[in-house]
Structure formats: C-alpha cells, structure tokens
>>> print(open('model.cif').read())   # mmCIF, C-alpha atoms
data_work
#
loop_
_atom_site.label_atom_id
_atom_site.label_comp_id
_atom_site.auth_asym_id
_atom_site.auth_seq_id
_atom_site.Cartn_x
_atom_site.Cartn_y
_atom_site.Cartn_z
CA MET A 26 68.91 -60.19 295.85
CA ALA A 27 71.19 -63.23 295.56
CA PHE A 28 70.15 -66.10 293.31
CA LEU A 29 72.56 -68.62 294.81
CA PRO A 30 71.09 -72.14 294.98
CA THR A 31 70.61 -73.75 298.35
CA ALA A 32 72.51 -76.88 299.34
CA GLU A 33 69.37 -78.94 298.65
CA GLN A 34 68.94 -77.42 295.19
CA ARG A 35 72.59 -78.07 294.31
CA ALA A 36 72.28 -81.66 295.50
CA PHE A 37 69.10 -82.11 293.44
CA ALA A 38 70.82 -80.80 290.30
CA ARG A 39 73.85 -83.07 290.91
CA SER A 40 71.62 -86.10 291.37
CA LEU A 41 69.85 -85.39 288.08
CA ASP A 42 73.17 -84.87 286.34
CA ALA A 43 74.38 -88.25 287.63
CA LEU A 44 71.12 -89.96 286.64
CA LEU A 45 71.18 -88.54 283.13
CA SER A 46 74.91 -89.12 282.64
CA ALA A 47 74.31 -92.81 283.33
CA SER A 48 71.28 -93.00 281.03
CA ASP A 49 72.96 -92.54 277.62
CA THR A 50 70.58 -89.76 276.63
CA PRO A 51 72.07 -89.33 273.11
CA THR A 52 70.99 -92.86 272.23
CA THR A 53 67.61 -92.24 273.85
CA ALA A 54 67.13 -89.03 271.86
CA ARG A 55 67.99 -90.76 268.58
CA ALA A 56 65.56 -93.57 269.35
CA TRP A 57 62.83 -91.04 270.19
CA ALA A 58 63.39 -89.26 266.88
CA GLY A 59 62.94 -92.61 265.12
CA ASP A 60 60.34 -95.25 265.80
CA ASP A 61 61.41 -96.45 269.24
CA SER A 62 59.94 -94.58 272.22
CA GLY A 63 60.85 -97.34 274.69
CA PRO A 64 64.13 -95.86 275.98
CA GLY A 65 62.46 -92.46 276.28
CA ARG A 66 59.60 -93.84 278.36
CA ALA A 67 62.07 -95.66 280.61
CA LEU A 68 64.01 -92.43 281.12
CA TRP A 69 60.73 -90.60 281.80
CA GLU A 70 59.97 -93.02 284.63
CA ARG A 71 63.40 -92.45 286.18
CA LEU A 72 62.92 -88.67 286.00
CA ALA A 73 59.53 -89.03 287.67
CA GLU A 74 61.07 -91.15 290.42
CA ALA A 75 63.59 -88.35 290.96
CA GLY A 76 60.66 -85.97 291.49
CA VAL A 77 60.97 -83.80 288.37
CA PHE A 78 57.28 -83.76 287.43
CA ALA A 79 56.09 -83.64 291.03
CA LEU A 80 57.60 -80.12 291.17
CA ALA A 81 54.58 -78.82 289.23
CA VAL A 82 51.89 -80.74 291.11
CA PRO A 83 50.31 -79.76 294.47
CA GLU A 84 50.79 -82.08 297.43
CA ALA A 85 47.06 -82.76 297.50
CA HIS A 86 47.37 -84.47 294.11
CA GLY A 87 50.54 -86.49 294.63
CA GLY A 88 53.19 -83.85 294.03
CA VAL A 89 55.55 -81.89 296.24
CA GLY A 90 53.99 -78.48 295.58
CA LEU A 91 54.56 -75.88 292.90
CA LEU A 92 58.31 -75.21 293.10
CA PRO A 93 59.47 -73.14 290.10
CA VAL A 94 63.03 -72.54 291.33
CA GLU A 95 63.70 -76.26 291.73
CA LEU A 96 61.98 -76.83 288.39
CA ALA A 97 64.36 -74.37 286.72
CA HIS A 98 67.36 -76.25 288.12
CA ALA A 99 65.90 -79.53 286.87
CA PHE A 100 65.23 -78.28 283.36
CA VAL A 101 68.72 -76.85 282.99
CA GLU A 102 69.95 -80.41 283.51
CA LEU A 103 67.39 -81.79 281.07
CA GLY A 104 68.68 -79.34 278.48
CA ARG A 105 72.32 -80.17 279.22
CA HIS A 106 71.61 -83.84 278.54
CA ALA A 107 69.30 -83.39 275.50
CA VAL A 108 66.37 -85.20 277.12
CA PRO A 109 63.61 -85.77 274.52
CA GLY A 110 59.86 -85.77 274.98
CA PRO A 111 57.14 -83.32 276.00
CA VAL A 112 58.70 -82.54 279.37
CA VAL A 113 57.80 -78.83 279.24
CA GLU A 114 54.29 -79.56 278.02
CA THR A 115 53.66 -82.09 280.80
CA VAL A 116 54.64 -79.45 283.35
CA ALA A 117 52.42 -76.87 281.64
CA ALA A 118 49.46 -79.27 281.61
CA ALA A 119 50.00 -80.07 285.30
CA VAL A 120 50.09 -76.38 286.24
CA LEU A 121 46.96 -75.71 284.18
CA LEU A 122 45.02 -78.50 285.92
CA ALA A 123 46.29 -77.45 289.35
CA ASP A 124 45.32 -73.83 288.80
CA LEU A 125 41.94 -74.84 287.43
CA ALA A 126 41.34 -76.79 290.66
CA ARG A 127 42.28 -73.73 292.68
CA LEU A 128 40.00 -71.43 290.69
CA GLU A 129 36.95 -73.55 290.06
CA ASP A 130 36.87 -77.29 289.31
CA SER A 131 39.12 -79.91 290.92
CA THR A 132 37.68 -82.87 289.00
CA PRO A 133 40.23 -82.85 286.12
CA ALA A 134 43.07 -82.37 288.62
CA LYS A 135 41.99 -85.38 290.68
CA ARG A 136 41.66 -87.42 287.53
CA PHE A 137 45.00 -86.66 285.85
CA LEU A 138 47.52 -85.06 288.22
CA PRO A 139 48.55 -88.10 290.31
CA ALA A 140 49.55 -89.99 287.16
CA LEU A 141 51.47 -86.98 285.79
CA ALA A 142 53.37 -86.55 289.06
CA SER A 143 54.31 -90.24 289.25
CA GLY A 144 55.30 -90.54 285.61
CA ALA A 145 52.58 -93.09 284.89
CA SER A 146 51.24 -90.72 282.21
CA THR A 147 52.83 -88.27 279.84
CA ALA A 148 50.99 -85.24 278.51
CA THR A 149 51.24 -82.57 275.89
CA LEU A 150 49.41 -79.29 275.51
CA ALA A 151 48.38 -77.06 272.63
CA SER A 152 47.47 -73.59 273.83
CA GLY A 153 45.46 -71.21 271.70
CA LEU A 154 46.39 -68.22 273.85
CA GLY A 155 48.76 -65.44 272.91
CA ARG A 156 50.13 -64.40 269.56
CA GLY A 157 52.72 -65.82 267.19
CA ARG A 158 54.33 -69.09 268.18
CA ALA A 159 52.84 -68.86 271.66
CA ALA A 160 49.49 -69.60 269.99
CA SER A 161 50.76 -72.50 267.86
CA PRO A 162 48.02 -75.01 267.02
CA TYR A 163 50.55 -77.83 267.27
CA ALA A 164 51.23 -80.03 270.28
CA LEU A 165 54.69 -81.48 270.86
CA ASP A 166 54.92 -85.27 270.64
CA ALA A 167 51.16 -85.73 270.44
CA ASP A 168 51.80 -89.13 268.87
CA ARG A 169 53.80 -90.27 271.90
CA ALA A 170 51.93 -88.60 274.79
CA ASP A 171 49.28 -90.48 276.75
CA LEU A 172 47.18 -87.34 277.19
CA VAL A 173 46.71 -84.61 274.58
CA PHE A 174 45.19 -81.44 276.04
CA ALA A 175 44.09 -78.49 273.94
CA VAL A 176 42.91 -75.03 274.94
CA ARG A 177 40.40 -73.68 272.43
CA GLY A 178 38.91 -70.33 273.31
CA GLU A 179 37.55 -70.73 276.85
CA GLY A 180 37.47 -74.52 276.71
CA LEU A 181 39.93 -77.17 277.87
CA TRP A 182 39.64 -80.35 275.84
CA LEU A 183 41.12 -83.82 276.08
CA ALA A 184 41.69 -84.61 272.42
CA GLY A 185 40.88 -88.06 271.15
CA GLY A 186 43.82 -88.17 268.78
CA HIS A 187 46.00 -86.05 266.53
CA GLY A 188 46.63 -85.17 262.91
CA PRO A 189 49.67 -85.94 260.74
CA VAL A 190 53.02 -85.74 262.51
CA ARG A 191 55.48 -83.08 261.38
CA VAL A 192 59.16 -83.09 262.30
CA SER A 193 60.68 -79.76 263.32
CA ALA A 194 64.29 -78.67 262.92
CA ASP A 195 64.97 -81.04 265.81
CA PRO A 196 63.95 -84.60 264.77
CA ALA A 197 63.27 -85.39 268.44
CA ARG A 198 60.54 -82.70 268.49
CA ARG A 199 57.52 -84.17 266.70
CA LEU A 200 54.59 -81.82 266.10
CA ALA A 201 50.95 -82.60 265.39
CA ARG A 202 47.61 -80.84 265.63
CA PRO A 203 45.26 -82.28 268.27
CA ALA A 204 42.19 -83.82 266.67
CA PRO A 205 39.06 -81.64 266.73
CA GLY A 206 36.51 -82.31 269.40
CA GLY A 207 37.23 -84.80 272.15
CA GLU A 208 36.13 -84.54 275.78
CA LEU A 209 35.38 -81.09 277.20
CA LEU A 210 37.00 -80.99 280.64
CA ALA A 211 36.23 -77.39 281.64
CA SER A 212 35.12 -74.09 280.18
CA GLY A 213 34.89 -70.44 281.11
CA SER A 214 37.19 -67.63 282.16
CA SER A 215 38.92 -69.88 284.70
CA VAL A 216 40.35 -71.94 281.82
CA VAL A 217 41.84 -68.81 280.25
CA ALA A 218 43.38 -67.75 283.57
CA ALA A 219 44.77 -71.24 284.27
CA ALA A 220 46.17 -71.53 280.74
CA GLY A 221 47.90 -68.17 281.18
CA ARG A 222 49.65 -69.43 284.30
CA ALA A 223 50.59 -72.66 282.52
CA ARG A 224 52.15 -70.61 279.72
CA ARG A 225 54.32 -68.76 282.25
CA TRP A 226 55.65 -72.01 283.67
CA ALA A 227 56.24 -73.31 280.14
CA MET A 228 58.26 -70.18 279.34
CA LEU A 229 60.36 -70.72 282.46
CA ALA A 230 61.01 -74.40 281.75
CA THR A 231 61.85 -73.74 278.10
CA ALA A 232 64.25 -70.95 279.06
CA ALA A 233 65.95 -73.32 281.51
CA GLN A 234 66.26 -75.97 278.79
CA SER A 235 67.80 -73.39 276.45
CA LEU A 236 70.34 -72.44 279.09
CA GLY A 237 71.24 -76.09 279.62
CA VAL A 238 71.58 -76.69 275.87
CA GLY A 239 73.86 -73.66 275.61
CA ARG A 240 76.05 -74.88 278.47
CA ALA A 241 76.39 -78.33 276.90
CA LEU A 242 77.33 -76.81 273.54
CA LEU A 243 79.90 -74.51 275.11
CA ASP A 244 81.47 -77.29 277.21
CA ARG A 245 81.79 -79.58 274.19
CA THR A 246 83.18 -76.79 272.04
CA VAL A 247 85.80 -75.78 274.61
CA ALA A 248 86.89 -79.42 274.90
CA TYR A 249 87.15 -79.68 271.11
CA ALA A 250 89.11 -76.42 270.85
CA LYS A 251 91.67 -77.81 273.30
CA GLN A 252 92.29 -81.00 271.35
CA ARG A 253 91.93 -79.84 267.73
CA THR A 254 95.26 -78.55 266.42
CA GLN A 255 96.16 -76.35 263.49
CA PHE A 256 99.73 -75.42 262.56
CA GLY A 257 100.81 -77.52 265.53
CA THR A 258 98.77 -75.44 268.01
CA PRO A 259 95.41 -76.14 269.68
CA ILE A 260 92.84 -73.89 268.00
CA GLY A 261 91.69 -72.76 271.44
CA ALA A 262 94.91 -70.79 271.70
CA PHE A 263 93.92 -68.53 268.78
CA GLN A 264 92.60 -65.16 269.84
CA ALA A 265 89.59 -65.22 267.49
CA VAL A 266 88.43 -68.54 268.94
CA LYS A 267 89.01 -67.35 272.51
CA HIS A 268 86.92 -64.24 271.93
CA ARG A 269 84.08 -66.21 270.36
CA LEU A 270 83.99 -68.66 273.26
CA ALA A 271 84.20 -65.84 275.81
CA ASP A 272 81.27 -64.02 274.18
CA THR A 273 79.24 -67.23 274.30
CA LEU A 274 80.01 -67.71 277.99
CA LEU A 275 79.02 -64.11 278.75
CA GLY A 276 75.66 -64.56 277.03
CA LEU A 277 74.90 -67.67 279.06
CA GLU A 278 76.05 -66.11 282.33
CA PHE A 279 73.94 -63.00 281.78
CA ALA A 280 70.89 -65.18 281.10
CA ARG A 281 71.31 -67.29 284.24
CA PRO A 282 70.30 -64.68 286.88
CA LEU A 283 67.37 -63.61 284.70
CA LEU A 284 66.16 -67.21 284.67
CA TYR A 285 66.39 -67.71 288.41
CA GLY A 286 65.05 -64.24 289.12
CA ALA A 287 61.94 -65.08 287.10
CA ALA A 288 61.65 -68.39 288.95
CA VAL A 289 61.84 -66.61 292.31
CA GLY A 290 59.07 -64.27 291.15
CA LEU A 291 56.82 -67.23 290.36
CA ALA A 292 57.68 -68.87 293.68
CA ASP A 293 56.76 -65.70 295.57
CA GLY A 294 53.34 -65.72 293.95
CA ASN A 295 53.80 -62.37 292.25
CA SER A 296 51.03 -61.15 289.97
CA ALA A 297 51.08 -61.69 286.23
CA ASP A 298 51.91 -58.01 285.71
CA ASP A 299 55.01 -58.43 287.87
CA THR A 300 56.20 -61.76 286.44
CA ASP A 301 55.43 -61.53 282.72
CA GLY A 302 58.22 -59.07 281.97
CA ASP A 303 60.75 -61.05 284.01
CA LEU A 304 59.77 -64.32 282.34
CA ALA A 305 59.94 -62.78 278.88
CA ALA A 306 63.39 -61.33 279.62
CA ALA A 307 64.61 -64.71 280.86
CA LYS A 308 63.12 -66.50 277.86
CA VAL A 309 64.65 -64.22 275.24
CA ALA A 310 68.04 -64.02 277.00
CA ALA A 311 68.36 -67.79 277.50
CA GLY A 312 66.99 -68.59 274.05
CA GLU A 313 69.32 -66.19 272.27
CA ALA A 314 72.30 -67.33 274.38
CA GLY A 315 71.60 -70.98 273.60
CA TYR A 316 71.24 -70.23 269.89
CA ALA A 317 74.47 -68.19 269.92
CA ALA A 318 76.20 -71.14 271.58
CA ALA A 319 74.99 -73.37 268.74
CA ARG A 320 76.38 -71.00 266.11
CA THR A 321 79.71 -70.81 267.95
CA ALA A 322 79.86 -74.58 268.29
CA LEU A 323 79.23 -75.06 264.58
CA GLN A 324 81.82 -72.47 263.58
CA VAL A 325 84.54 -73.86 265.85
CA HIS A 326 83.88 -77.49 264.95
CA GLY A 327 83.77 -76.72 261.25
CA ALA A 328 82.46 -79.30 258.78
CA VAL A 329 82.50 -82.11 261.36
CA GLY A 330 79.80 -80.20 263.27
CA TYR A 331 77.32 -80.94 260.49
CA THR A 332 77.62 -84.72 260.78
CA GLU A 333 74.72 -86.60 262.33
CA GLU A 334 77.09 -89.16 263.81
CA LEU A 335 78.55 -86.54 266.15
CA ASP A 336 76.48 -86.18 269.33
CA LEU A 337 76.94 -82.41 269.05
CA ALA A 338 74.15 -82.41 266.43
CA LEU A 339 71.59 -83.36 269.08
CA TRP A 340 72.15 -80.05 270.88
CA LEU A 341 72.68 -78.00 267.73
CA ARG A 342 69.23 -78.98 266.50
CA LYS A 343 67.54 -78.10 269.78
CA ALA A 344 68.79 -74.54 270.16
CA ARG A 345 66.64 -72.86 267.48
CA PRO A 346 63.31 -74.63 268.23
CA LEU A 347 63.69 -73.96 271.96
CA ARG A 348 64.46 -70.32 271.27
CA ASP A 349 61.11 -69.97 269.50
CA ALA A 350 58.93 -72.32 271.58
CA TRP A 351 56.43 -70.76 274.01
CA GLY A 352 57.28 -67.24 272.89
CA ASP A 353 59.70 -66.28 270.14
CA PRO A 354 62.27 -63.47 270.66
CA ALA A 355 60.19 -60.76 269.00
CA ARG A 356 57.16 -61.52 271.15
CA CYS A 357 59.25 -61.74 274.33
CA ARG A 358 60.95 -58.41 273.63
CA ALA A 359 57.58 -56.77 273.06
CA GLN A 360 56.39 -58.25 276.34
CA VAL A 361 59.40 -56.84 278.19
CA LEU A 362 58.77 -53.39 276.73
CA ALA A 363 55.07 -53.59 277.63
CA SER A 364 55.93 -54.44 281.24
CA TYR A 365 57.77 -51.11 281.58
CA ALA A 366 55.14 -49.03 279.80
#
>>> encode(input="model.cif", output="structure tokens")
Amino acid sequence: MAFLPTAEQRAFARSLDALLSASDTPTTARAWAGDDSGPGRALWERLAEAGVFALAVPEAHGGVGLLPVELAHAFVELGRHAVPGPVVETVAAAVLLADLARLEDSTPAKRFLPALASGASTATLASGLGRGRAASPYALDADRADLVFAVRGEGLWLAGGHGPVRVSADPARRLARPAPGGELLASGSSVVAAAGRARRWAMLATAAQSLGVGRALLDRTVAYAKQRTQFGTPIGAFQAVKHRLADTLLGLEFARPLLYGAAVGLADGNSADDTDGDLAAAKVAAGEAGYAAARTALQVHGAVGYTEELDLALWLRKARPLRDAWGDPARCRAQVLASYA
C-alpha cells in the first residue's frame, strides 16, 4: 500500500505551511506561555478558517466529515511551526461528541460541535480512560479553553472551572485539573466507547505533531551545521555530525509511513482491534523520533541550544511532553505487543 499524499492533501499542507510561516508562531507561542492569549486566539481563528478543526466534525454539525489522513497532514504542520494551545484536545473532544451522537445522544453534538468546527470555541479534554499518562487527570490549557470536558467513569461532564495551573516542561503547555462536578452531558457505556475513539484520534494527532516537531528540529540543526565553523570547516562536514543527523532523519522517515498507515486505518473505519496496534506503533515511533531529534539538535548546537532567546528552544521543549502525551512509550509498546498476541 502506498501512503503518497494526493494533490489536494499536498496543497492543503502547503497552504497551512504558508499561513503559519506568515503568522510568526514563535512570538505567538511565547505569548501563550505568558499572560497574553490574544495572538494564540487570533491564530486559532485562522486555522479554523483553513478548515483544520472541521476535519474532526461531521458535515451535519458544520464540519467536513471525519478525515484522519488530512488531519495528520495538518498536525504535522502544526508541529513544524510550534503552534500552541489545546489543538489535539479540541479534536479529541469533537470526535467524542460526534461519536456519542452516532451511538446514542446527539444533543451535546448539536450544542457544541458547530462552534468547535468554526473556531468560535476552543476545548480541552481530560480522559480518565486507560493507564499511565493516557489516564492523566489533567487537561491541557484548561485556563485558556472555552469548554473543559472531563470523562469520569461512564460520565461526560462539562466542568465549571479548573484547579491550579501547572506548567509542564513546555511552558506553552499549561496543565490543570478540571473542577469537580459541573454539568453532566451524557452517561453510560456509549461515553466509554466514544471516549475510546477520541483517544485514538488524539494519539494520531499527537504523533503527527511529534513528527512535525522532529522535522523542524532537524531542518534547523542542518542549517546550523552548515554555517557553524570549527577549525575553519563547517561542523556539518565532520563525520560524527553527519552520522548523528543521518540517524535522526532515518528515525523520522521510518515514523512517517507508520503515521499515515494508522491514519488510513482510521479513515477506512477499521475496528479498534485493527487500529490500536497501528496507532500505538505510530505514536511511539513518531514520539521517539521527535525526542531523538531534540537531543541531536541540542548536541549539535551546543551551549547556545539552551538559551531561551533562540527559537530552537520552543521545539526542544515540546518534544518530550508530546512523546508522553496520550500514551507514553512504555504503554504504546505494550499495546503493540498486545495487538499481535
């Protein structure tokens, strides 16, 4: 099976790249990590106009249908440009509401999905399903999101607020526990099933972000290795540096077909038993490749790589949290093994 993008998918990715290149995302990310969410909200609206969030919303609720392959292309670009905010969590919440409407109750979908698709509302989601980090009680950017959803047991809640904000290794990723109680939107086994599907889409989007972060780190490191000289020679000419960069590229290139293969599986409507192993393989491969790219970037840049003033730090800080979000490597590897048992 070939995972070559169509002409439309390539054009979509190029349009997002152009939009984000013109948006000064490093400045936006720094503002988001501080006290100014204005530039981030403006960027969110432009992404919504480009159709990013509509990719996870059915046509009946203002979207373009559930299109995981196109979503993967979009989130690679979001990772390449260090876009802040609960972009993955908004997609996961949209998929959860859409699947809940398919299984049982369309009321929450009618109420929230049109605004999520159009960018009028942002959302975050805390899922109590799974083990390890997949069952984290924290919601990303709960202090900035318009809607804070929480899955507790067999209930889907709209939280009325959040607890104290904690900053992760990436200052642009702000974590907080949803406040107890709130409005019960739905309950029962359908919530568990819908949350499981939302988790799969979140794994895919996070893997795509990791791949994009890794590509950005590698591109910036290669450019630096060409201009930084030592003993009168660009350091990129040294064999040790060449090998390290080549290994990083191989890791990213091996992760890419796993990512799009998992996306194709979701698009084909394959069962959870068929897709879980593929998604876990894509998540661990992309996450580890992105993290390896961060380590390579830091080693090649040397001490200057540690400085906050260098934009490189924005991507360096994302690699590790993305690797662990929505399924850390140990959990994903166990899931891959279980899929072949």
>>> closest_residue(input="model.cif", among="A:Leu337, A:Leu291, A:Ala184, A:Leu243", to="Met228 of chain A", atoms="all atoms listed in the file")
A:Leu291
>>> closest_residue(input="model.cif", among="A:Asp49, A:Glu33, A:Tyr163, A:Leu323", to="Arg191 of chain A", atoms="all atoms listed in the file")
A:Tyr163
>>> residues_near_point(input="model.cif", point="(65.4, -71.5, 274.8)", cutoff="6 Å", atoms="only C-alpha atoms", output="PyMOL selection string")
chain A and resi 231-232+235+311-312+347-348
>>> write_last_selection(input="model.cif", atoms="C-alpha atoms", output="compact mmCIF listing (two decimals), keeping the file's coordinate frame")
# COMPACT_ATOMS: atom_id res chain seq x y z
CA THR A 231 61.85 -73.74 278.10
CA ALA A 232 64.25 -70.95 279.06
CA SER A 235 67.80 -73.39 276.45
CA ALA A 311 68.36 -67.79 277.50
CA GLY A 312 66.99 -68.59 274.05
CA LEU A 347 63.69 -73.96 271.96
CA ARG A 348 64.46 -70.32 271.27
>>> resolve_selection(input="model.cif", expression="the PyMOL selection byres ((chain A and resi 65-77) around 6)", output="short mmCIF file (atom, residue, chain, number, x, y, z; two decimals) with C-alpha atoms, keeping the file's coordinate frame")
data_model
loop_
_atom_site.label_atom_id
_atom_site.label_comp_id
_atom_site.auth_asym_id
_atom_site.auth_seq_id
_atom_site.Cartn_x
_atom_site.Cartn_y
_atom_site.Cartn_z
CA THR A 53 67.61 -92.24 273.85
CA SER A 62 59.94 -94.58 272.22
CA GLY A 63 60.85 -97.34 274.69
CA PRO A 64 64.13 -95.86 275.98
CA PHE A 78 57.28 -83.76 287.43
CA ALA A 79 56.09 -83.64 291.03
CA LEU A 80 57.60 -80.12 291.17
CA SER A 143 54.31 -90.24 289.25
CA GLY A 144 55.30 -90.54 285.61
#
>>> atom_distance(input="model.cif", atom1="atom CA of Leu128 of chain A", atom2="atom CA of His187 of chain A")
28.9 Å
>>> residues_around(input="model.cif", residues="segment 206-223 of chain A", least_positions_apart="2", cutoff="10 Å", atoms="all atoms listed in the file", output="PyMOL selection string")
chain A and resi 81+114+116-130+132-133+150+152-155+173-186+203-204+225-229+291+297+301
>>> atom_distance(input="model.cif", atom1="atom CA of Leu200 of chain A", atom2="atom CA of Ala167 of chain A")
6.8 Å
>>> residues_around(input="model.cif", residues="Leu362 of chain A", least_positions_apart="4", cutoff="8 Å", atoms="only C-alpha atoms", output="list in words")
Gly302, Arg358 and Ala366 of chain A
>>> decode(input="model.cif", residues="segment 283-358 of chain A", atoms="C-alpha atoms", output="short mmCIF file (atom, residue, chain, number, x, y, z; two decimals), in the first residue's frame")
data_model
loop_
_atom_site.label_atom_id
_atom_site.label_comp_id
_atom_site.auth_asym_id
_atom_site.auth_seq_id
_atom_site.Cartn_x
_atom_site.Cartn_y
_atom_site.Cartn_z
CA LEU A 283 3.52 4.36 10.34
CA LEU A 284 1.70 7.63 10.98
CA TYR A 285 -0.09 7.71 7.66
CA GLY A 286 -0.78 3.99 7.75
CA ALA A 287 -2.55 4.44 11.07
CA ALA A 288 -4.48 7.39 9.63
CA VAL A 289 -5.60 5.29 6.66
CA GLY A 290 -6.79 2.60 9.08
CA LEU A 291 -8.95 5.15 10.92
CA ALA A 292 -10.27 6.52 7.63
CA ASP A 293 -11.27 3.03 6.48
CA GLY A 294 -13.30 2.57 9.63
CA ASN A 295 -11.30 -0.40 10.86
CA SER A 296 -12.19 -1.86 14.24
CA ALA A 297 -10.40 -0.88 17.42
CA ASP A 298 -8.61 -4.24 17.45
CA ASP A 299 -7.20 -3.48 14.00
CA THR A 300 -6.25 0.17 14.60
CA ASP A 301 -4.98 0.24 18.19
CA GLY A 302 -1.72 -1.53 17.40
CA ASP A 303 -1.07 0.66 14.35
CA LEU A 304 -1.81 3.84 16.28
CA ALA A 305 0.42 2.79 19.16
CA ALA A 306 3.26 1.97 16.75
CA ALA A 307 2.89 5.34 15.05
CA LYS A 308 2.74 7.15 18.39
CA VAL A 309 5.84 5.54 19.85
CA ALA A 310 7.85 5.81 16.60
CA ALA A 311 6.99 9.47 16.00
CA GLY A 312 7.40 10.40 19.66
CA GLU A 313 10.79 8.73 19.99
CA ALA A 314 11.95 10.17 16.64
CA GLY A 315 10.93 13.68 17.67
CA TYR A 316 12.65 13.32 21.03
CA ALA A 317 15.80 11.96 19.35
CA ALA A 318 15.74 14.97 17.02
CA ALA A 319 15.64 17.25 20.08
CA ARG A 320 18.66 15.53 21.62
CA THR A 321 20.56 15.77 18.34
CA ALA A 322 19.66 19.43 17.96
CA LEU A 323 20.88 20.22 21.46
CA GLN A 324 24.14 18.32 20.99
CA VAL A 325 24.95 19.93 17.64
CA HIS A 326 24.01 23.45 18.75
CA GLY A 327 25.96 23.11 21.98
CA ALA A 328 25.51 25.67 24.76
CA VAL A 329 23.61 28.10 22.52
CA GLY A 330 20.83 25.49 22.29
CA TYR A 331 19.99 26.06 25.94
CA THR A 332 19.23 29.76 25.53
CA GLU A 333 15.60 30.84 25.70
CA GLU A 334 16.26 33.62 23.20
CA LEU A 335 16.90 31.07 20.44
CA ASP A 336 13.66 29.93 18.79
CA LEU A 337 15.05 26.39 18.80
CA ALA A 338 14.03 26.16 22.48
CA LEU A 339 10.35 26.27 21.53
CA TRP A 340 10.67 22.94 19.70
CA LEU A 341 13.17 21.42 22.13
CA ARG A 342 10.68 21.85 24.96
CA LYS A 343 7.82 20.28 23.02
CA ALA A 344 9.49 17.01 22.06
CA ARG A 345 9.42 15.27 25.46
CA PRO A 346 5.86 16.25 26.53
CA LEU A 347 4.47 15.23 23.14
CA ARG A 348 6.28 11.92 23.34
CA ASP A 349 4.46 11.13 26.58
CA ALA A 350 1.06 12.75 25.92
CA TRP A 351 -1.89 10.45 25.12
CA GLY A 352 0.18 7.32 25.65
CA ASP A 353 3.80 7.19 26.77
CA PRO A 354 6.33 4.90 25.00
CA ALA A 355 6.05 2.05 27.50
CA ARG A 356 2.27 1.94 27.22
CA CYS A 357 2.37 2.18 23.42
CA ARG A 358 4.90 -0.64 23.14
#
